[in-house]
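Source file: coords01.txt; contents: compact mmCIF, C-alpha atoms and all ligand atoms.
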# COMPACT_ATOMS: atom_id res chain seq x y z
CA MET R 15 -65.91 12.79 -14.22
CA ILE R 16 -63.18 10.55 -12.83
CA GLY R 17 -61.05 11.25 -15.91
CA GLN R 18 -61.21 14.98 -15.23
CA LEU R 19 -60.34 14.50 -11.58
CA LYS R 20 -57.38 12.38 -12.58
CA ASN R 21 -56.01 15.07 -14.93
CA LYS R 22 -56.50 17.80 -12.38
CA SER R 23 -54.93 15.90 -9.51
CA LEU R 24 -51.87 14.93 -11.55
CA ALA R 25 -51.46 18.48 -12.89
CA ASP R 26 -51.60 19.80 -9.32
CA LEU R 27 -49.04 17.27 -8.26
CA LYS R 28 -46.58 18.69 -10.80
CA LEU R 29 -46.68 21.98 -8.93
CA VAL R 30 -45.75 20.36 -5.64
CA ASN R 31 -42.27 21.47 -4.62
CA SER R 32 -42.14 21.07 -0.86
CA LEU R 33 -43.35 18.74 1.85
CA ASP R 34 -45.94 21.34 2.82
CA SER R 35 -47.42 21.62 -0.65
CA LEU R 36 -47.43 17.83 -0.94
CA GLU R 37 -49.44 17.58 2.26
CA GLU R 38 -51.86 20.20 0.98
CA TRP R 39 -52.27 18.17 -2.20
CA ARG R 40 -52.91 14.97 -0.22
CA VAL R 41 -55.59 16.66 1.90
CA ASN R 42 -57.24 18.09 -1.23
CA TYR R 43 -57.65 14.77 -2.97
CA LEU R 44 -57.16 11.95 -0.49
CA GLY R 45 -58.01 13.63 2.80
CA ARG R 46 -61.22 12.97 4.73
CA LYS R 47 -62.98 15.72 2.87
CA GLY R 48 -60.88 15.39 -0.25
CA GLU R 49 -62.36 15.41 -3.72
CA LEU R 50 -61.71 11.76 -4.44
CA THR R 51 -62.78 10.66 -0.96
CA LYS R 52 -66.11 12.40 -1.49
CA ILE R 53 -66.72 10.41 -4.66
CA LEU R 54 -65.69 7.16 -3.04
CA ARG R 55 -68.14 7.79 -0.19
CA SER R 56 -70.97 8.54 -2.57
CA ILE R 57 -70.64 5.32 -4.55
CA GLY R 58 -73.17 3.49 -2.40
CA SER R 59 -75.89 5.99 -3.25
CA LEU R 60 -75.29 5.92 -7.00
CA PRO R 61 -77.78 4.26 -9.33
CA ASP R 62 -76.91 0.64 -10.14
CA ASP R 63 -75.81 1.28 -13.72
CA GLN R 64 -73.15 3.86 -12.63
CA ARG R 65 -72.01 2.28 -9.39
CA LYS R 66 -69.83 -0.40 -10.92
CA LYS R 67 -68.06 1.81 -13.43
CA ILE R 68 -67.44 4.80 -11.15
CA GLY R 69 -66.60 2.50 -8.28
CA SER R 70 -63.80 0.75 -10.08
CA GLU R 71 -62.46 3.90 -11.80
CA SER R 72 -62.31 5.88 -8.60
CA ASN R 73 -60.64 3.03 -6.74
CA LEU R 74 -58.01 2.79 -9.46
CA LEU R 75 -57.41 6.53 -9.20
CA ARG R 76 -57.05 6.26 -5.43
CA VAL R 77 -54.36 3.60 -5.84
CA LEU R 78 -52.59 5.74 -8.43
CA LEU R 79 -52.62 8.90 -6.30
CA GLU R 80 -51.50 7.06 -3.16
CA ASP R 81 -48.67 5.55 -5.17
CA GLN R 82 -47.55 8.93 -6.49
CA TYR R 83 -47.67 10.34 -3.00
CA LYS R 84 -45.44 7.57 -1.65
CA LYS R 85 -42.95 8.09 -4.45
CA ILE R 86 -42.60 11.82 -4.16
CA LYS R 87 -42.50 12.15 -0.40
CA PRO R 88 -39.03 10.56 0.19
CA LYS R 89 -37.57 12.63 -2.65
CA LEU R 90 -38.69 15.85 -1.05
CA GLU R 91 -37.45 14.63 2.33
CA SER R 92 -33.97 13.93 1.02
CA ASN R 93 -33.76 17.31 -0.69
CA LEU R 94 -34.70 18.83 2.58
CA SER R 95 -31.81 17.12 4.35
CA VAL R 96 -29.33 18.47 1.77
CA TYR R 97 -30.63 21.96 2.22
CA SER R 98 -30.65 21.77 5.98
CA SER R 99 -26.99 20.67 6.15
CA VAL R 100 -25.81 23.46 3.82
CA ASP R 101 -26.48 27.02 4.70
CA ILE R 102 -27.80 28.23 1.36
CA THR R 103 -27.91 31.80 2.57
CA LEU R 104 -24.09 32.01 2.72
CA PRO R 105 -22.38 33.84 -0.16
CA GLY R 106 -20.83 31.52 -2.76
CA ARG R 107 -17.20 30.50 -2.38
CA LYS R 108 -14.83 29.58 -5.19
CA ASP R 109 -13.70 25.96 -5.36
CA HIS R 110 -10.01 25.26 -4.99
CA ILE R 111 -8.92 23.30 -8.01
CA GLY R 112 -5.79 21.26 -7.43
CA ARG R 113 -2.94 20.98 -9.87
CA LEU R 114 0.44 19.33 -10.24
CA HIS R 115 3.32 20.65 -8.18
CA PRO R 116 5.69 22.64 -10.45
CA ILE R 117 8.50 20.16 -9.77
CA THR R 118 6.27 17.23 -10.67
CA SER R 119 5.34 18.94 -13.95
CA ILE R 120 8.92 19.75 -14.86
CA ILE R 121 10.01 16.18 -14.07
CA ARG R 122 7.22 14.89 -16.30
CA GLU R 123 8.13 17.30 -19.06
CA ILE R 124 11.82 16.34 -18.95
CA SER R 125 10.94 12.64 -18.73
CA SER R 126 8.73 12.84 -21.78
CA ALA R 127 11.46 14.66 -23.75
CA PHE R 128 13.78 11.73 -22.99
CA ALA R 129 11.03 9.18 -23.62
CA ASP R 130 10.69 10.70 -27.11
CA MET R 131 14.40 10.04 -27.59
CA GLY R 132 13.88 6.37 -26.77
CA PHE R 133 14.71 6.36 -23.05
CA ASN R 134 12.95 4.14 -20.52
CA ILE R 135 11.94 5.60 -17.18
CA VAL R 136 12.73 3.76 -13.93
CA GLU R 137 12.26 4.90 -10.35
CA GLY R 138 14.41 3.77 -7.44
CA THR R 139 14.46 3.72 -3.65
CA GLU R 140 15.20 6.79 -1.55
CA SER R 141 16.94 4.84 1.20
CA GLU R 142 20.15 3.27 -0.02
CA ILE R 143 23.09 1.19 1.07
CA GLU R 144 26.62 2.58 0.97
CA HIS R 145 27.58 -0.05 -1.58
CA TYR R 146 25.38 1.57 -4.25
CA ASN R 147 25.49 5.20 -3.14
CA PHE R 148 29.31 5.22 -2.92
CA ASP R 149 31.33 2.02 -3.40
CA LEU R 150 30.10 0.91 -6.81
CA LEU R 151 30.41 4.52 -8.00
CA ASN R 152 34.15 4.46 -7.43
CA ILE R 153 33.87 6.38 -4.17
CA PRO R 154 35.61 4.04 -1.67
CA PHE R 155 35.33 4.63 2.06
CA ASP R 156 38.60 6.56 2.42
CA HIS R 157 38.21 8.50 -0.82
CA PRO R 158 38.15 12.26 -0.34
CA ALA R 159 35.32 12.48 -2.87
CA ARG R 160 32.95 11.17 -0.19
CA ASP R 161 33.24 14.58 1.40
CA GLN R 162 31.40 16.07 -1.55
CA TRP R 163 28.16 14.69 -0.18
CA ASP R 164 27.15 15.14 3.40
CA THR R 165 24.98 12.20 3.99
CA ILE R 166 21.89 11.76 6.17
CA TRP R 167 22.37 8.42 7.92
CA LEU R 168 19.51 6.26 9.09
CA ASP R 169 19.60 4.63 12.49
CA ARG R 170 18.25 1.20 11.58
CA PRO R 171 20.47 -1.52 13.03
CA ASN R 172 18.72 -4.40 11.31
CA ARG R 173 18.65 -2.96 7.84
CA LYS R 174 21.32 -2.53 5.26
CA ASP R 175 19.85 0.62 3.71
CA ASN R 176 21.29 2.98 6.28
CA LEU R 177 21.36 6.28 4.41
CA LEU R 178 19.14 8.58 2.35
CA ARG R 179 20.61 8.65 -1.14
CA THR R 180 22.66 11.75 -1.83
CA HIS R 181 22.11 11.47 -5.57
CA THR R 182 20.24 9.28 -8.06
CA SER R 183 23.52 7.81 -9.38
CA PRO R 184 23.19 4.58 -7.31
CA MET R 185 20.45 3.69 -9.78
CA GLN R 186 23.12 3.46 -12.50
CA ALA R 187 24.70 0.52 -10.69
CA ARG R 188 21.38 -1.07 -9.77
CA ILE R 189 20.14 -0.92 -13.35
CA MET R 190 23.38 -2.28 -14.84
CA GLU R 191 23.43 -5.15 -12.35
CA ASN R 192 19.98 -6.17 -13.51
CA THR R 193 20.15 -5.52 -17.27
CA GLU R 194 22.27 -6.33 -20.25
CA PRO R 195 23.24 -3.49 -22.63
CA PRO R 196 22.05 -1.72 -24.67
CA ILE R 197 20.66 0.55 -21.95
CA ARG R 198 18.94 3.89 -22.41
CA VAL R 199 17.22 4.93 -19.21
CA ILE R 200 16.44 7.89 -16.99
CA THR R 201 15.57 7.65 -13.32
CA PRO R 202 13.89 10.62 -11.67
CA GLY R 203 13.64 10.75 -7.88
CA LYS R 204 14.23 12.46 -4.58
CA CYS R 205 17.63 12.92 -2.95
CA TYR R 206 18.79 14.19 0.43
CA ARG R 207 21.89 15.93 1.72
CA TYR R 208 22.79 17.05 5.16
CA GLU R 209 23.47 20.68 4.49
CA ALA R 210 22.43 24.17 5.43
CA THR R 211 19.69 25.54 3.21
CA ASP R 212 19.94 28.79 1.29
CA SER R 213 18.37 30.24 -1.82
CA THR R 214 19.99 27.65 -4.09
CA HIS R 215 20.33 24.67 -1.72
CA GLU R 216 17.71 22.49 -0.11
CA TRP R 217 18.34 19.48 2.14
CA HIS R 218 15.98 17.49 -0.07
CA PHE R 219 15.63 17.92 -3.80
CA HIS R 220 15.15 15.92 -6.96
CA GLN R 221 17.49 14.60 -9.59
CA ILE R 222 17.00 12.97 -12.93
CA GLU R 223 19.74 10.48 -13.64
CA GLY R 224 20.42 9.32 -17.17
CA LEU R 225 22.39 6.29 -18.34
CA VAL R 226 23.23 5.05 -21.81
CA VAL R 227 25.37 1.96 -22.37
CA GLY R 228 26.20 0.14 -25.59
CA GLU R 229 29.05 -1.04 -27.74
CA ASN R 230 29.65 2.15 -29.70
CA ILE R 231 28.66 4.96 -27.40
CA SER R 232 30.92 8.02 -27.61
CA PHE R 233 31.28 11.44 -26.08
CA SER R 234 29.51 12.95 -29.08
CA ASP R 235 26.42 10.89 -28.20
CA LEU R 236 26.53 12.48 -24.76
CA LYS R 237 26.73 15.98 -26.20
CA GLY R 238 24.13 15.35 -28.89
CA THR R 239 21.64 13.93 -26.39
CA LEU R 240 22.09 16.75 -23.91
CA TYR R 241 21.92 19.44 -26.62
CA GLU R 242 18.66 17.93 -27.80
CA PHE R 243 17.33 17.88 -24.23
CA ALA R 244 18.27 21.57 -23.74
CA LYS R 245 16.64 22.48 -27.03
CA ARG R 246 13.39 20.82 -26.03
CA ILE R 247 13.25 22.32 -22.56
CA PHE R 248 14.70 25.80 -23.12
CA GLY R 249 14.15 26.39 -26.84
CA SER R 250 16.60 26.12 -29.71
CA ASP R 251 18.25 29.54 -29.41
CA ARG R 252 19.29 29.18 -25.76
CA LYS R 253 23.09 28.92 -25.39
CA VAL R 254 24.54 25.84 -23.75
CA ARG R 255 28.07 25.37 -22.39
CA PHE R 256 30.04 22.22 -21.47
CA ARG R 257 33.02 22.44 -19.11
CA CYS R 258 35.36 19.86 -17.63
CA ASP R 259 34.31 18.69 -14.21
CA PHE R 260 35.16 15.85 -11.86
CA PHE R 261 32.91 13.06 -10.63
CA PRO R 262 34.58 9.82 -9.47
CA PHE R 263 32.21 7.63 -11.50
CA VAL R 264 32.85 9.22 -14.89
CA GLU R 265 35.93 9.85 -17.01
CA PRO R 266 36.06 12.36 -18.60
CA GLY R 267 33.53 14.37 -16.63
CA VAL R 268 31.71 17.56 -17.61
CA ASP R 269 29.09 19.93 -16.38
CA MET R 270 26.56 21.66 -18.53
CA SER R 271 25.35 25.21 -18.03
CA ILE R 272 22.57 27.23 -19.59
CA ASP R 273 22.79 30.87 -20.52
CA TRP R 274 20.90 32.93 -17.99
CA LYS R 275 20.71 36.61 -18.90
CA GLY R 276 24.40 36.62 -19.78
CA ASP R 277 25.41 34.36 -16.84
CA TRP R 278 25.98 30.62 -16.93
CA ILE R 279 23.86 28.48 -14.62
CA GLU R 280 24.95 24.89 -14.10
CA ILE R 281 22.10 22.41 -14.43
CA LEU R 282 23.76 19.03 -14.68
CA GLY R 283 26.84 16.88 -14.29
CA ALA R 284 27.71 14.24 -16.85
CA GLY R 285 30.50 12.11 -18.30
CA MET R 286 31.56 8.82 -19.80
CA VAL R 287 30.92 5.92 -17.41
CA HIS R 288 34.16 5.11 -15.56
CA PRO R 289 35.66 1.66 -16.39
CA LYS R 290 35.75 0.87 -12.66
CA VAL R 291 31.96 1.32 -12.48
CA PHE R 292 31.56 -1.14 -15.35
CA GLN R 293 33.87 -3.62 -13.61
CA GLY R 294 31.94 -3.26 -10.35
CA VAL R 295 28.68 -4.34 -11.98
CA GLY R 296 30.32 -7.12 -14.03
CA TYR R 297 30.46 -5.42 -17.45
CA ASP R 298 33.51 -5.70 -19.65
CA PRO R 299 34.88 -2.12 -19.96
CA ASP R 300 36.63 -3.02 -23.20
CA LYS R 301 33.39 -4.12 -24.78
CA TYR R 302 30.98 -1.49 -23.48
CA LYS R 303 31.05 2.28 -23.39
CA GLY R 304 28.46 4.59 -21.97
CA PHE R 305 27.59 7.99 -20.63
CA ALA R 306 25.69 9.18 -17.59
CA PHE R 307 24.25 12.46 -16.44
CA GLY R 308 22.45 13.81 -13.41
CA MET R 309 20.37 16.97 -13.46
CA GLY R 310 18.46 19.03 -10.92
CA PRO R 311 14.82 19.68 -11.85
CA GLU R 312 14.52 22.39 -9.17
CA ARG R 313 17.34 24.35 -10.85
CA ILE R 314 15.69 23.87 -14.22
CA ALA R 315 12.32 25.04 -12.90
CA MET R 316 14.01 28.09 -11.35
CA LEU R 317 15.49 29.01 -14.71
CA ARG R 318 12.27 28.33 -16.50
CA TYR R 319 10.00 30.32 -14.22
CA ASN R 320 12.39 32.99 -12.94
CA ILE R 321 12.34 31.78 -9.35
CA GLU R 322 15.01 33.12 -7.08
CA ASP R 323 14.68 30.96 -3.99
CA ILE R 324 14.62 27.16 -4.20
CA ARG R 325 13.03 26.93 -0.74
CA GLN R 326 9.76 28.25 -2.11
CA PHE R 327 9.06 24.98 -3.87
CA PHE R 328 8.54 23.07 -0.64
CA SER R 329 7.29 25.74 1.71
CA ASN R 330 3.77 24.86 0.58
CA ASP R 331 2.54 28.40 0.19
CA LEU R 332 -0.51 28.20 -2.06
CA ARG R 333 0.00 31.76 -3.27
CA PHE R 334 3.30 30.57 -4.76
CA LEU R 335 2.18 27.13 -5.93
CA SER R 336 -1.02 28.26 -7.62
CA GLN R 337 0.92 30.44 -10.07
CA PHE R 338 1.99 27.42 -12.11
N1 LIG R 401 25.51 12.41 -9.17
C1 LIG R 401 26.16 13.64 -9.53
C2 LIG R 401 25.78 14.71 -8.50
O1 LIG R 401 24.94 14.47 -7.68
C3 LIG R 401 25.72 14.11 -10.92
C4 LIG R 401 26.23 13.22 -12.00
C5 LIG R 401 25.48 12.14 -12.44
C6 LIG R 401 27.44 13.47 -12.60
C7 LIG R 401 25.93 11.35 -13.48
C8 LIG R 401 27.92 12.67 -13.61
C9 LIG R 401 27.16 11.62 -14.05
O2 LIG R 401 26.34 15.78 -8.47
Once more with this new file: its structure as structure tokens, please.
Ligand code: PHE
Amino acid sequence: MIGQLKNKSLADLKLVNSLDSLEEWRVNYLGRKGELTKILRSIGSLPDDQRKKIGSESNLLRVLLEDQYKKIKPKLESNLSVYSSVDITLPGRKDHIGRLHPITSIIREISSAFADMGFNIVEGTESEIEHYNFDLLNIPFDHPARDQWDTIWLDRPNRKDNLLRTHTSPMQARIMENTEPPIRVITPGKCYRYEATDSTHEWHFHQIEGLVVGENISFSDLKGTLYEFAKRIFGSDRKVRFRCDFFPFVEPGVDMSIDWKGDWIEILGAGMVHPKVFQGVGYDPDKYKGFAFGMGPERIAMLRYNIEDIRQFFSNDLRFLSQF
């Protein structure tokens, strides 16, 4: 008899799915007029030979059912609080899944192309001192080349880093000061220039600087490395052009352009490290040779994805950003 009641009560409990139905279940079995309560009350009037057995079985069942009740109740209560804080009658909404910013992805892609070619990756500081941003790069205070970069100056009287770097080239000097050749490194990072913005110019943008120094580095290493980079990023049939260009910290200097629907778009400056830069960081220019380059990932992303206005990258319009 008790065995049957046990099976029935536990089977009923499985159907309980709300606080109300749990209460109904409790009243049915454990309530004042509940099925188990009735048995417990009748024990006294049972014949001696049954009293002991039924008495102990029904008491065990009571403990079991009370236990189950105590376990299930808090579970149903906590479900209830989830449901009451979320309006489950509202129509479903799609989750927004985040992703990398297109400039972050292109920087990572370019970095891993260079990492495959044996380059290390180093990041630098965005605030710089004139010594690294200009002086060590053969751009002395009165040199007209300083006009090429309109600098954003920081008003911090007690600190030496009083400008936002105008390019990642200061990292060339910082790395050489702290390392012995051979060096093969790229340094991606953010740069700032005080200038009016238009569809191809932003006041803040990224660069990826590259530096290779060793005893037998030649201009053909520069070209070979940059051809390989272009092949990996733009595909092997894309045309690439080198032209002479001037940067005070390289000699000779070049720029590299990529074919863009019949036009040439410049994506980087490069050249052989100037002997004065080597001298400035304490390297012997007769012993070491090297090349450096600096490229603009925004430009590269524009070419890659057919984007006509650089300002879109940082205007934070999700309709634009979620296309990548
Ligand atoms: N720093 C230069 C620029 O901002 C690019 C460059 C880097 C050129 C390294 C030559 C070598 O325009």
At most 6 Å from ligand LIG 401 (chain R) (all atoms listed in the file): residue list as an MDAnalysis selection string: chainID R and resid 181 183 261 283:285 306:308
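Closest approach to Ile117 (chain R) from the set R:Pro289, R:Gly238, R:Gly267, R:Gly203 is made by R:Gly203, with distances taken over only C-alpha atoms.
In this structure, CA of Trp39 (chain R) sits 20.0 Å away from CA of Glu71 (chain R).
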Nearest-residue call for Val199 (chain R), choices R:Gly294, R:Gly304, R:Glu140, R:Phe260, using only C-alpha atoms: R:Gly304
For Ile279 (chain R), the closest of R:Val291, R:Ser336, R:Asp298, R:Gly310 counting all atoms listed in the file is R:Gly310
What separates CA of Tyr319 (chain R) and CA of Phe248 (chain R) is a distance of 11.0 Å
Which residues come within 10 Å of Phe155 (chain R), counting all atoms listed in the file, excluding same-chain residues fewer than 6 positions away, as a CSV table (one decimal) with C-alpha atoms, keeping the file's coordinate frame?
chain,number,residue,atom,x,y,z
R,144,GLU,CA,26.6,2.6,1.0
R,145,HIS,CA,27.6,0.0,-1.6
R,148,PHE,CA,29.3,5.2,-2.9
R,149,ASP,CA,31.3,2.0,-3.4
Find the spatial neighbours of Glu209 (chain R), counting all atoms listed in the file, within a cut-off of 12 Å - ignore same-chain residues fewer than 2 positions away - and output them as a list in words. Asp161, Gln162, Trp163, Asp164, Thr165, Ile166, Thr180, Tyr206, Arg207, Thr211, Asp212, Thr214, His215, Glu216, Trp217, His218 and Phe219 of chain R
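You will find CA of Arg173 (chain R) at 17.2 Å from CA of Gly138 (chain R).
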Edge lengths and centre, in Å to one decimal, as AutoDock Vina command-line options: that's what I need for the box along x, y and z that holds all listed atoms of region 145-162 of chain R plus 4 Å on each side.
--center_x 32.0 --center_y 8.0 --center_z -2.8 --size_x 21.2 --size_y 24.1 --size_z 18.4
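With only C-alpha atoms as the atoms that count, the residue of R:Arg318, R:Lys253, R:Lys245, R:Arg179 with the shortest distance to Ser141 (chain R) is R:Arg179.
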I want to know what sits within 12 Å of Leu54 (chain R), based on only C-alpha atoms, with residues of the same chain fewer than 6 positions away left out; could you give that as a PyMOL selection string? chain R and resi 16+43-48+60+65-76
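Between Asp277 (chain R) and the residues R:Lys85, R:Gly58, R:Glu194, R:Arg252, the shortest atom-to-atom distance, using all atoms listed in the file, involves R:Arg252.
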Between R:Asp101, R:Asp156, R:Asp130, R:Glu191, which is the closest to Glu242 (chain R) once you count only C-alpha atoms? R:Asp130
May I have the residues at most 8 Å from (-44.0, 17.2, 2.4) in the file's coordinates, counting only C-alpha atoms, as a count of residues only? 9
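Excluding Val227 (chain R) itself and same-chain residues fewer than 2 positions from it, the residues having an atom within 10 Å of it are Met190, Glu194, Pro195, Pro196, Ile197, Arg198, Val199, Leu225, Glu229, Asn230, Ile231, Ser232, Met286, Val287, Phe292, Tyr302, Lys303, Gly304, Phe305 and Ala306 of chain R, counting only C-alpha atoms.
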